[in-house]
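A.B. asks: Quick one, target26.cif (mmCIF, C-alpha atoms and all ligand atoms):
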data_work
loop_
_atom_site.label_atom_id
_atom_site.label_comp_id
_atom_site.auth_asym_id
_atom_site.auth_seq_id
_atom_site.Cartn_x
_atom_site.Cartn_y
_atom_site.Cartn_z
CA MET A 188 50.81 84.05 63.60
CA ASN A 189 48.03 86.49 64.46
CA TYR A 190 46.69 87.33 61.05
CA ASP A 191 43.13 86.22 60.29
CA HIS A 192 41.76 87.16 56.89
CA ALA A 193 38.17 86.81 58.15
CA TYR A 194 38.53 90.37 59.50
CA HIS A 195 39.34 91.72 56.05
CA ALA A 196 37.37 89.53 53.64
CA GLY A 197 35.55 91.44 50.91
CA CYS A 198 37.43 94.69 51.64
CA PHE A 199 38.40 96.95 48.73
CA ALA A 200 41.84 95.35 48.57
CA ASP A 201 40.29 91.88 48.22
CA VAL A 202 37.96 93.11 45.49
CA PHE A 203 40.79 94.65 43.45
CA LYS A 204 43.10 91.66 43.95
CA HIS A 205 40.41 89.19 42.90
CA ILE A 206 39.54 91.21 39.79
CA VAL A 207 43.20 91.18 38.73
CA VAL A 208 43.47 87.43 39.43
CA LEU A 209 40.32 86.75 37.41
CA ALA A 210 41.56 88.93 34.53
CA ILE A 211 44.85 86.98 34.41
CA LEU A 212 43.07 83.61 34.53
CA ARG A 213 40.70 84.64 31.73
CA LYS A 214 43.69 85.61 29.61
CA LEU A 215 45.33 82.25 30.31
CA GLN A 216 42.09 80.60 29.20
CA LYS A 217 42.43 82.15 25.75
CA LYS A 218 44.62 79.13 24.94
CA SER A 219 43.16 75.65 25.25
CA THR A 220 46.28 74.17 26.88
CA PRO A 221 45.92 73.69 30.65
CA TYR A 222 47.43 75.95 33.30
CA CYS A 223 48.36 75.65 36.95
CA TYR A 224 47.17 78.17 39.57
CA LEU A 225 49.43 78.16 42.60
CA GLU A 226 48.94 80.10 45.83
CA THR A 227 51.55 80.62 48.52
CA HIS A 228 49.11 82.19 51.04
CA ALA A 229 45.65 80.87 50.23
CA GLY A 230 43.50 81.79 53.24
CA GLY A 231 40.11 80.06 53.58
CA PRO A 232 37.63 79.09 50.87
CA TYR A 233 34.80 81.38 52.04
CA TYR A 234 34.20 84.10 54.62
CA ASP A 235 30.95 84.87 56.42
CA LEU A 236 30.48 88.60 56.12
CA ARG A 237 27.81 88.49 58.85
CA GLY A 238 30.19 86.71 61.24
CA PHE A 239 31.93 88.23 64.26
CA GLU A 240 35.24 89.05 62.54
CA ALA A 241 33.87 90.73 59.40
CA SER A 242 31.19 92.57 61.40
CA LYS A 243 33.80 93.87 63.80
CA THR A 244 35.81 95.68 61.13
CA GLY A 245 32.99 96.28 58.62
CA GLU A 246 35.62 96.38 55.86
CA ALA A 247 33.37 94.71 53.28
CA ILE A 248 30.96 97.63 53.51
CA ASN A 249 33.45 99.80 51.66
CA GLY A 250 34.45 96.85 49.50
CA ILE A 251 32.27 94.26 47.84
CA GLN A 252 29.05 95.71 49.30
CA LYS A 253 29.79 99.10 47.75
CA ILE A 254 29.98 98.12 44.13
CA TRP A 255 26.74 96.25 43.41
CA THR A 256 24.63 99.25 42.70
CA LEU A 257 27.12 100.94 40.35
CA ASP A 258 27.17 100.57 36.61
CA TRP A 259 30.04 98.36 35.37
CA PRO A 260 29.99 97.92 31.60
CA GLU A 261 33.57 96.52 31.57
CA PRO A 262 33.50 92.80 30.63
CA ILE A 263 35.89 91.78 33.44
CA MET A 264 33.74 93.59 36.04
CA GLN A 265 30.61 91.87 34.75
CA ASP A 266 32.48 88.58 34.83
CA TYR A 267 33.68 89.19 38.43
CA LEU A 268 30.29 90.31 39.75
CA ALA A 269 28.49 87.40 38.05
CA LEU A 270 31.02 85.03 39.59
CA ILE A 271 30.57 86.49 43.08
CA ARG A 272 26.78 86.21 42.68
CA GLN A 273 27.17 82.62 41.58
CA VAL A 274 29.48 81.48 44.37
CA SER A 275 28.22 83.69 47.21
CA HIS A 276 25.09 83.94 49.24
CA PHE A 277 22.95 87.00 49.34
CA ASN A 278 20.73 87.93 52.23
CA LYS A 279 19.45 90.97 50.31
CA PRO A 280 19.60 91.53 46.53
CA ASN A 281 22.65 93.77 46.78
CA ALA A 282 24.27 92.53 49.98
CA CYS A 283 26.77 89.73 49.81
CA SER A 284 26.72 87.62 52.97
CA VAL A 285 29.44 85.10 52.13
CA TYR A 286 32.50 86.19 50.16
CA PRO A 287 34.88 83.73 48.45
CA GLY A 288 38.61 83.55 48.98
CA SER A 289 40.99 83.65 46.02
CA GLY A 290 41.29 79.84 45.97
CA ALA A 291 37.53 79.39 45.61
CA ILE A 292 37.43 81.99 42.83
CA ALA A 293 40.25 80.31 40.91
CA ALA A 294 38.74 76.85 41.40
CA GLU A 295 35.35 78.06 40.21
CA VAL A 296 36.63 79.36 36.87
CA MET A 297 39.06 76.50 36.15
CA ARG A 298 38.43 74.28 33.16
CA TYR A 299 38.39 70.46 33.35
CA ASN A 300 42.14 70.19 32.65
CA ASP A 301 43.45 73.10 34.75
CA ARG A 302 44.88 72.61 38.23
CA CYS A 303 44.94 74.50 41.48
CA VAL A 304 47.52 74.18 44.30
CA LEU A 305 46.68 76.01 47.53
CA GLN A 306 49.09 76.41 50.44
CA GLU A 307 48.10 77.78 53.83
CA LEU A 308 50.03 77.80 57.09
CA ALA A 309 47.29 78.55 59.64
CA ILE A 310 45.39 75.46 60.70
CA ASN A 311 41.81 76.80 60.70
CA PRO A 312 41.68 78.17 57.16
CA PHE A 313 43.61 75.11 56.00
CA ILE A 314 41.00 72.73 57.48
CA GLN A 315 38.25 74.77 55.84
CA LEU A 316 40.05 74.57 52.50
CA GLU A 317 40.55 70.84 52.80
CA ARG A 318 36.91 70.24 53.70
CA PHE A 319 35.62 72.51 50.99
CA PHE A 320 37.70 70.93 48.22
CA GLU A 321 37.44 67.35 49.46
CA GLY A 322 36.92 65.06 46.48
CA ASN A 323 37.96 67.73 43.95
CA LYS A 324 40.89 66.10 42.18
CA ARG A 325 41.92 69.31 40.44
CA VAL A 326 42.49 71.19 43.69
CA ALA A 327 45.30 70.20 46.06
CA CYS A 328 45.57 71.84 49.50
CA TYR A 329 48.74 71.84 51.59
CA HIS A 330 49.23 72.84 55.21
CA GLN A 331 52.67 74.42 54.89
CA ASP A 332 54.74 77.55 54.48
CA GLY A 333 53.94 78.68 50.96
CA TYR A 334 57.41 80.11 50.33
CA ALA A 335 59.31 76.94 51.14
CA GLY A 336 56.55 74.62 49.94
CA SER A 337 56.35 76.10 46.43
CA LYS A 338 59.72 74.67 45.43
CA ALA A 339 58.11 71.28 44.89
CA PHE A 340 55.64 72.71 42.37
CA LEU A 341 57.89 74.94 40.27
CA PRO A 342 57.92 74.77 37.36
CA PRO A 343 54.49 73.18 37.09
CA LEU A 344 53.98 70.34 34.62
CA GLU A 345 51.66 72.53 32.55
CA LYS A 346 54.46 75.10 32.04
CA ARG A 347 51.80 77.85 32.04
CA GLY A 348 50.00 79.50 34.85
CA LEU A 349 49.79 82.00 37.67
CA VAL A 350 51.37 82.12 41.12
CA LEU A 351 49.51 84.39 43.56
CA ILE A 352 51.67 85.59 46.46
CA ASP A 353 49.42 87.20 49.05
CA PRO A 354 51.22 87.44 52.41
CA PRO A 355 49.81 89.29 55.44
CA TYR A 356 52.86 91.61 55.79
CA GLU A 357 52.85 91.13 59.54
CA GLU A 358 56.46 90.04 59.74
CA VAL A 359 59.32 92.53 59.78
CA HIS A 360 61.19 90.47 57.20
CA GLU A 361 58.29 89.87 54.82
CA TRP A 362 59.87 91.85 51.94
CA LYS A 363 63.17 90.05 52.40
CA LYS A 364 61.37 86.71 52.31
CA LEU A 365 59.47 87.80 49.23
CA LYS A 366 62.69 88.71 47.45
CA GLU A 367 64.30 85.38 48.31
CA TYR A 368 61.19 83.57 47.18
CA LEU A 369 61.00 85.42 43.87
CA THR A 370 64.67 84.82 43.13
CA MET A 371 64.22 81.10 43.73
CA ALA A 372 60.88 80.89 41.89
CA LEU A 373 61.96 82.81 38.79
CA LYS A 374 65.09 80.74 38.52
CA ARG A 375 62.93 77.63 38.41
CA TRP A 376 60.19 79.11 36.24
CA PRO A 377 61.35 82.24 34.39
CA THR A 378 58.24 82.41 32.20
CA GLY A 379 55.61 81.97 34.91
CA ILE A 380 53.19 84.76 35.79
CA PHE A 381 53.74 85.90 39.38
CA ALA A 382 51.27 88.30 41.03
CA ILE A 383 52.34 89.82 44.33
CA TRP A 384 49.76 91.65 46.40
CA TYR A 385 50.96 94.63 48.47
CA PRO A 386 49.30 97.13 50.80
CA ILE A 387 49.80 100.83 50.11
CA LYS A 388 50.22 102.71 53.36
CA ASP A 389 53.07 105.19 53.03
CA ARG A 390 54.04 105.74 49.42
CA TRP A 391 57.72 106.21 50.09
CA GLY A 392 58.03 102.91 51.97
CA ILE A 393 56.13 100.89 49.40
CA ASP A 394 58.05 102.35 46.46
CA LYS A 395 61.34 101.60 48.20
CA ASN A 396 60.40 97.99 48.92
CA LEU A 397 59.05 97.42 45.42
CA SER A 398 62.12 98.93 43.80
CA LYS A 399 64.32 96.54 45.76
CA LEU A 400 62.06 93.60 44.90
CA THR A 401 62.11 94.29 41.18
CA ALA A 402 65.62 95.78 40.86
CA ASP A 403 67.35 92.86 39.18
CA LEU A 404 64.42 91.27 37.39
CA SER A 405 65.05 90.39 33.78
CA GLN A 406 61.34 89.76 33.26
CA PRO A 407 58.83 92.50 32.41
CA PHE A 408 56.45 93.52 35.18
CA VAL A 409 53.60 95.95 35.84
CA ARG A 410 52.35 97.55 39.04
CA LEU A 411 48.58 97.80 39.13
CA GLU A 412 47.25 99.99 41.91
CA CYS A 413 43.91 101.17 43.20
CA CYS A 414 44.23 104.07 45.65
CA PRO A 415 40.97 105.25 47.18
CA LEU A 416 42.70 107.44 49.80
CA LEU A 417 45.57 109.91 49.64
CA ASP A 418 48.78 108.09 50.51
CA ASP A 419 49.94 110.70 53.02
CA VAL A 420 48.64 108.95 56.15
CA PRO A 421 51.05 106.07 56.73
CA TYR A 422 49.16 104.06 59.36
CA ARG A 423 46.02 103.33 57.32
CA LEU A 424 45.42 101.29 54.18
CA ASN A 425 45.27 103.99 51.53
CA GLY A 426 45.46 101.74 48.55
CA THR A 427 46.15 98.29 47.24
CA GLY A 428 48.50 97.00 44.59
CA MET A 429 49.45 93.99 42.52
CA CYS A 430 52.90 93.66 41.03
CA VAL A 431 52.54 91.25 38.10
CA ILE A 432 55.68 89.71 36.65
CA ASN A 433 55.40 88.43 33.07
CA PRO A 434 51.97 90.04 32.77
CA PRO A 435 49.65 88.76 30.04
CA TRP A 436 49.21 90.94 26.98
CA LEU A 437 47.06 94.05 27.62
CA LEU A 438 46.49 93.29 31.31
CA ALA A 439 47.41 96.83 32.43
CA GLU A 440 45.26 98.40 29.72
CA GLU A 441 42.29 96.37 30.90
CA ILE A 442 42.78 97.07 34.61
CA ARG A 443 43.77 100.76 34.56
CA PRO A 444 40.30 102.28 33.90
CA ILE A 445 38.72 99.86 36.37
CA ALA A 446 41.28 100.75 39.07
CA ASN A 447 40.42 104.42 38.65
CA LYS A 448 36.68 103.81 38.82
CA LEU A 449 37.04 101.54 41.85
CA ALA A 450 39.23 104.09 43.61
CA LYS A 451 36.53 106.71 43.15
CA ALA A 452 33.85 104.31 44.37
CA PHE A 453 35.84 103.31 47.45
CA GLY A 454 37.18 106.79 48.15
CA GLU A 455 35.91 108.89 50.98
C1 LIG B 501 45.92 87.85 52.96
S1 LIG B 501 45.50 86.27 53.53
C2 LIG B 501 45.15 85.37 52.06
C3 LIG B 501 43.91 85.80 51.34
C4 LIG B 501 43.60 85.02 50.10
N1 LIG B 501 44.74 84.87 49.24
C5 LIG B 501 42.48 85.66 49.34
O1 LIG B 501 42.74 86.51 48.47
O2 LIG B 501 41.32 85.33 49.59
C6 LIG B 501 47.07 85.62 53.98
C7 LIG B 501 47.02 84.19 54.46
O3 LIG B 501 48.36 83.70 54.54
C8 LIG B 501 48.46 82.82 55.64
N2 LIG B 501 49.90 82.71 55.92
C9 LIG B 501 50.70 83.52 56.66
N3 LIG B 501 51.99 83.15 56.54
C10 LIG B 501 52.02 82.09 55.70
C11 LIG B 501 53.06 81.30 55.13
N4 LIG B 501 54.33 81.50 55.45
N5 LIG B 501 52.71 80.31 54.27
C12 LIG B 501 51.41 80.08 53.93
N6 LIG B 501 50.39 80.80 54.43
C13 LIG B 501 50.68 81.80 55.28
C14 LIG B 501 47.60 83.45 56.71
O4 LIG B 501 47.17 82.49 57.64
C15 LIG B 501 46.43 84.00 55.86
O5 LIG B 501 45.37 83.08 55.80
#
What is this file in structure tokens?
Ligand SMILES: C[S@@+](CC[C@H](N)C(=O)[O-])C[C@H]1O[C@@H](n2cnc3c(N)ncnc32)[C@H](O)[C@@H]1O

C.D. replies:
Amino acid sequence: MNYDHAYHAGCFADVFKHIVVLAILRKLQKKSTPYCYLETHAGGPYYDLRGFEASKTGEAINGIQKIWTLDWPEPIMQDYLALIRQVSHFNKPNACSVYPGSGAIAAEVMRYNDRCVLQELAINPFIQLERFFEGNKRVACYHQDGYAGSKAFLPPLEKRGLVLIDPPYEEVHEWKKLKEYLTMALKRWPTGIFAIWYPIKDRWGIDKNLSKLTADLSQPFVRLECCPLLDDVPYRLNGTGMCVINPPWLLAEEIRPIANKLAKAFGE
């Protein structure tokens, strides 16, 4: 496995994904009953944006670093930016030097009775996760394949919650694995919220794969996308998407105007 998220932390795709995750968690928190947040591909807890990997690609420059100085009246954007300020380090007022992973974001907003299960296959980010959450009884970290490992957690005891599926798409058979995973997971937990991140390179390819993935779903789903670049250049990351199955009420309405504003901010 070659993928290392440290090269991409804080990029525009991370920002959009984390806003959608936060929006879903906030909607789950509208009820007092606890929820479970499960990740199949957790990555590390934090990423040093001044480190070798992030500096090499500079992807956070057109991501998290871009949006501080803009005006964001939307409650979920204020919530997200306040959270990043709270959990990150800043070397300058508007420059984030350490950006959190999705697991750290979810753990930060959890209430006393919610639970977080993080699975990661690569040893380095897993060790970082384990160290970071050591002693936190509400967060469990597992060094395992998140597709196979999830079986043990579905359905969760809480019977409410979110599963984030955020694979690196480096394997030829990733979409096939995703489909098999979803079929298994929805059979076990038909009412769970499942959010699948996907990269938008060539539009035709992504639409084809998503159509196959969602073809026989009996659950409702939405595709939330933020596309800063025209999707006519297939080898670059033109946009980013989240396919949310069993989306919470009004999620798309909340995200749509933000996706458009972010796309303009991140666009060339
Ligand atoms: C896109 S990154 C995750 C980023 C993270 N979810 C976030 O938003 O901050 C994908 C992660 O999946 C891990 N990974 C790859 N294949 C995996 C598998 N089969 N099971 C669990 N983790 C896997 C990689 O090591 C990498 O850390």

A.B. asks: So that I can see what lies close to A:Tyr224, please list as a PyMOL selection string the residues with an atom at most 6 Å from it, counting all atoms listed in the file and leaving out residues fewer than 6 positions away in the same chain.

C.D. replies: chain A and resi 303+348-350

A.B. asks: Hey, which residues come within 7 Å of ligand LIG 501 (chain B) if we count only C-alpha atoms and all ligand atoms? Could you give them as a PyMOL selection string?

C.D. replies: chain A and resi 188+190-192+201+204-205+227-231+287-290+306-309+312+331-334+353-355

A.B. asks: Between atom CA of A:Phe408 and atom CA of A:Val431, what is the distance in Å, rounded to a tenth?

C.D. replies: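 According to the coordinates, atom CA of A:Phe408 and atom CA of A:Val431 are separated by 5.4 Å.
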
A.B. asks: Between A:Met264, A:Ile206, A:Ile271, A:Ala196, which is the closest to A:Leu236 once you count all atoms listed in the file?

C.D. replies: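 So, comparing all the options, the nearest one is A:Ala196.
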
A.B. asks: How many Å lie between atom CA of A:Glu357 and atom CA of A:Ile310, rounded to one decimal?

C.D. replies: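 Computing the Euclidean distance for atom CA of A:Glu357 and atom CA of A:Ile310 yields 17.4 Å.
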
A.B. asks: Would you mind reading off the distance between atom CA of A:Met297 and atom CA of A:Asn323, one decimal, in Å?

C.D. replies: 11.8 Å

A.B. asks: Hey, which of A:Cys328, A:Ala193, A:Thr256, A:Leu215 ends up closest to A:Lys243? Count all atoms listed in the file.

C.D. replies: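 When distances to A:Lys243 are compared using all atoms listed in the file, the smallest one comes from A:Ala193.
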
A.B. asks: Pull the neighbourhood of (36.8, 67.8, 34.4) for me: all residues within 12 Å in file coordinates, counting only C-alpha atoms, as a VMD selection string.

C.D. replies: chain A and resid 221 294 to 302 323 to 326

A.B. asks: Restricting the calculation to all atoms listed in the file, which member of A:Met429, A:Met371, A:Ser275, A:Gln315 is positioned closest to A:Leu397?

C.D. replies: A:Met429

A.B. asks: From the set A:Ala452, A:Ala439, A:Leu369, A:Leu416, which residue has the shortest atom-to-atom contact distance to A:Gln252, counting all atoms listed in the file?

C.D. replies: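 That would be A:Ala452, the residue with the smallest distance to A:Gln252.
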
A.B. asks: From the options A:Leu417, A:Ile352, A:Leu400, A:Val304, which residue's atoms come nearest to A:Thr370, counting all atoms listed in the file?

C.D. replies: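 Looking only at the distances to A:Thr370, the closest residue turns out to be A:Leu400.
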
A.B. asks: Select, from A:Arg390, A:Lys214, A:Arg375, A:Lys448, the residue with the minimum atom-to-atom distance to A:Lys346, counting all atoms listed in the file.

C.D. replies: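 Closest candidate: A:Arg375.
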
A.B. asks: Set the distance at 9 Å and use all atoms listed in the file: which residues neighbour A:Tyr356 once local chain neighbours fewer than 6 positions away are removed? I'd like the list as a ChimeraX atom specification.

C.D. replies: /A:362,385-386
